[in-house]
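Pasting my_file-v2.pdb here (PDB, C-alpha atoms, pLDDT in the B column):
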ATOM      1  CA  MET A   8     103.988 115.876 117.899  1.00 75.00           C
ATOM      2  CA  SER A   9     105.148 117.179 114.558  1.00 84.00           C
ATOM      3  CA  LEU A  10     103.087 117.240 111.403  1.00 87.00           C
ATOM      4  CA  ILE A  11     105.234 114.420 109.961  1.00 86.00           C
ATOM      5  CA  ASP A  12     104.546 112.234 112.995  1.00 89.00           C
ATOM      6  CA  PHE A  13     100.819 112.927 112.741  1.00 92.00           C
ATOM      7  CA  HIS A  14     100.908 112.041 109.027  1.00 91.00           C
ATOM      8  CA  ARG A  15     102.649 108.765 109.883  1.00 93.00           C
ATOM      9  CA  PHE A  16      99.984 108.046 112.512  1.00 95.00           C
ATOM     10  CA  LEU A  17      97.215 108.603 109.957  1.00 96.00           C
ATOM     11  CA  ILE A  18      98.947 106.357 107.426  1.00 96.00           C
ATOM     12  CA  VAL A  19      99.343 103.563 109.996  1.00 96.00           C
ATOM     13  CA  THR A  20      95.660 103.947 110.897  1.00 98.00           C
ATOM     14  CA  ALA A  21      94.726 103.616 107.217  1.00 97.00           C
ATOM     15  CA  ILE A  22      96.961 100.532 106.861  1.00 97.00           C
ATOM     16  CA  VAL A  23      95.298  98.845 109.846  1.00 98.00           C
ATOM     17  CA  PHE A  24      91.874  99.698 108.426  1.00 98.00           C
ATOM     18  CA  CYS A  25      92.717  98.347 104.944  1.00 97.00           C
ATOM     19  CA  PHE A  26      94.100  95.048 106.194  1.00 97.00           C
ATOM     20  CA  GLY A  27      91.337  94.655 108.783  1.00 97.00           C
ATOM     21  CA  PHE A  28      88.623  95.339 106.231  1.00 96.00           C
ATOM     22  CA  ALA A  29      90.274  92.941 103.775  1.00 95.00           C
ATOM     23  CA  LEU A  30      90.269  90.218 106.432  1.00 94.00           C
ATOM     24  CA  TRP A  31      86.602  90.920 107.171  1.00 93.00           C
ATOM     25  CA  GLU A  32      85.779  90.694 103.455  1.00 91.00           C
ATOM     26  CA  PHE A  33      87.733  87.440 103.051  1.00 90.00           C
ATOM     27  CA  LEU A  34      85.698  85.927 105.876  1.00 88.00           C
ATOM     28  CA  ALA A  35      82.393  87.081 104.301  1.00 82.00           C
ATOM     29  CA  PRO A  36      82.171  84.317 101.620  1.00 76.00           C
ATOM     30  CA  ALA A  37      81.936  81.746 104.402  1.00 72.00           C
ATOM     31  CA  SER A  38      78.627  83.353 105.371  1.00 74.00           C
ATOM     32  CA  GLY A  39      77.366  83.797 101.801  1.00 75.00           C
ATOM     33  CA  GLY A  40      79.301  86.903 100.692  1.00 74.00           C
ATOM     34  CA  GLY A  41      80.225  85.577  97.254  1.00 83.00           C
ATOM     35  CA  ILE A  42      83.025  86.415  94.850  1.00 86.00           C
ATOM     36  CA  GLY A  43      82.440  90.161  95.213  1.00 87.00           C
ATOM     37  CA  ALA A  44      83.657  90.056  98.788  1.00 88.00           C
ATOM     38  CA  VAL A  45      86.865  88.330  97.686  1.00 89.00           C
ATOM     39  CA  LEU A  46      87.446  90.981  95.011  1.00 92.00           C
ATOM     40  CA  VAL A  47      86.872  93.845  97.447  1.00 92.00           C
ATOM     41  CA  GLY A  48      89.191  92.154  99.948  1.00 93.00           C
ATOM     42  CA  SER A  49      91.868  91.859  97.274  1.00 95.00           C
ATOM     43  CA  VAL A  50      91.547  95.545  96.415  1.00 97.00           C
ATOM     44  CA  PHE A  51      91.998  96.502 100.059  1.00 97.00           C
ATOM     45  CA  ILE A  52      95.056  94.249 100.348  1.00 97.00           C
ATOM     46  CA  LEU A  53      96.551  96.152  97.408  1.00 97.00           C
ATOM     47  CA  LEU A  54      95.631  99.515  98.937  1.00 97.00           C
ATOM     48  CA  GLY A  55      97.134  98.527 102.291  1.00 97.00           C
ATOM     49  CA  SER A  56     100.304  97.303 100.601  1.00 97.00           C
ATOM     50  CA  GLY A  57     100.580 100.578  98.699  1.00 96.00           C
ATOM     51  CA  LEU A  58     100.250 102.518 101.932  1.00 96.00           C
ATOM     52  CA  VAL A  59     102.970 100.376 103.541  1.00 96.00           C
ATOM     53  CA  ALA A  60     105.274 101.176 100.616  1.00 95.00           C
ATOM     54  CA  TYR A  61     104.398 104.877 100.895  1.00 93.00           C
ATOM     55  CA  LEU A  62     105.084 104.883 104.641  1.00 92.00           C
ATOM     56  CA  ARG A  63     108.477 103.264 104.122  1.00 92.00           C
ATOM     57  CA  ARG A  64     109.415 105.906 101.518  1.00 90.00           C
ATOM     58  CA  LEU A  65     107.785 108.895 103.222  1.00 86.00           C
ATOM     59  CA  ALA A  66     111.035 110.496 104.314  1.00 79.00           C
ATOM     60  CA  SER A  67     112.454 110.453 100.801  1.00 82.00           C
ATOM     61  CA  PHE A  68     109.205 111.796  99.319  1.00 75.00           C
ATOM     62  CA  LEU A  69     109.349 114.767 101.676  1.00 76.00           C
ATOM     63  CA  GLY A  70     113.093 115.316 101.514  1.00 76.00           C
ATOM     64  CA  TYR A  71     113.160 114.641 105.239  1.00 71.00           C
ATOM     65  CA  ASP A  72     115.400 112.440 107.323  1.00 64.00           C
ATOM     66  CA  GLU A  73     115.010 111.344 110.933  1.00 60.00           C
ATOM     67  CA  GLU A  74     117.184 114.234 112.212  1.00 60.00           C
ATOM     68  CA  GLY A  75     115.011 116.878 110.569  1.00 57.00           C
ATOM     69  CA  PRO A  76     114.334 118.552 107.238  1.00 57.00           C
ATOM     70  CA  ALA A  77     117.015 118.320 104.592  1.00 55.00           C
ATOM     71  CA  PRO A  78     119.114 121.480 104.151  1.00 56.00           C
ATOM     72  CA  ARG A  79     118.296 123.595 101.113  1.00 55.00           C
TER      73      ARG A  79
END
Would you write the structure of this file as structure tokens?
Amino acid sequence: MSLIDFHRFLIVTAIVFCFGFALWEFLAPASGGGIGAVLVGSVFILLGSGLVAYLRRLASFLGYDEEGPAPR
């Protein structure tokens, strides 16, 4: 496993965490969580969405394509 693949794995793990935590926070007001839980859930939706965008653009950020590093 290359360092790029491991970085992708960590990003996907963070995305799953953000969206899972947001879902958990959105379900909290039903049990008395209040508006704060909705705000925290919204923040984690934004963070997860930002990580999805980063993951999609990772290759261009690193100057890397699927065949390998870009020639210099």
In Å, with one decimal, what is the gap from atom CA of A:Ala29 to atom CA of A:Ser49? 6.8 Å
In Å, rounded to a single decimal, give me how far atom CA of A:Val59 is from atom CA of A:Ile22. 6.9 Å
If I take atom CA of A:Leu54 and atom CA of A:Leu30, how far is one from the other in Å, to one decimal?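 One can read the atom CA of A:Leu54 to atom CA of A:Leu30 distance as 13.1 Å.
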Output check: residues returned by the PyMOL selection byres ((chain A and resi 18-20) around 12), as a ChimeraX atom specification: /A:11-17,21-27,54-63,65
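The residue that comes closest to A:Ile52, out of A:Gly40, A:Phe28, A:Ala35, A:Gly70 and on the basis of all atoms listed in the file, is A:Phe28.
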Which polymer residues have any atom within 7 Å of an atom of A:Glu32, counting all atoms listed in the file, with same-chain residues fewer than 4 positions away left out, as a PyMOL selection string? chain A and resi 28+44-45+47-48
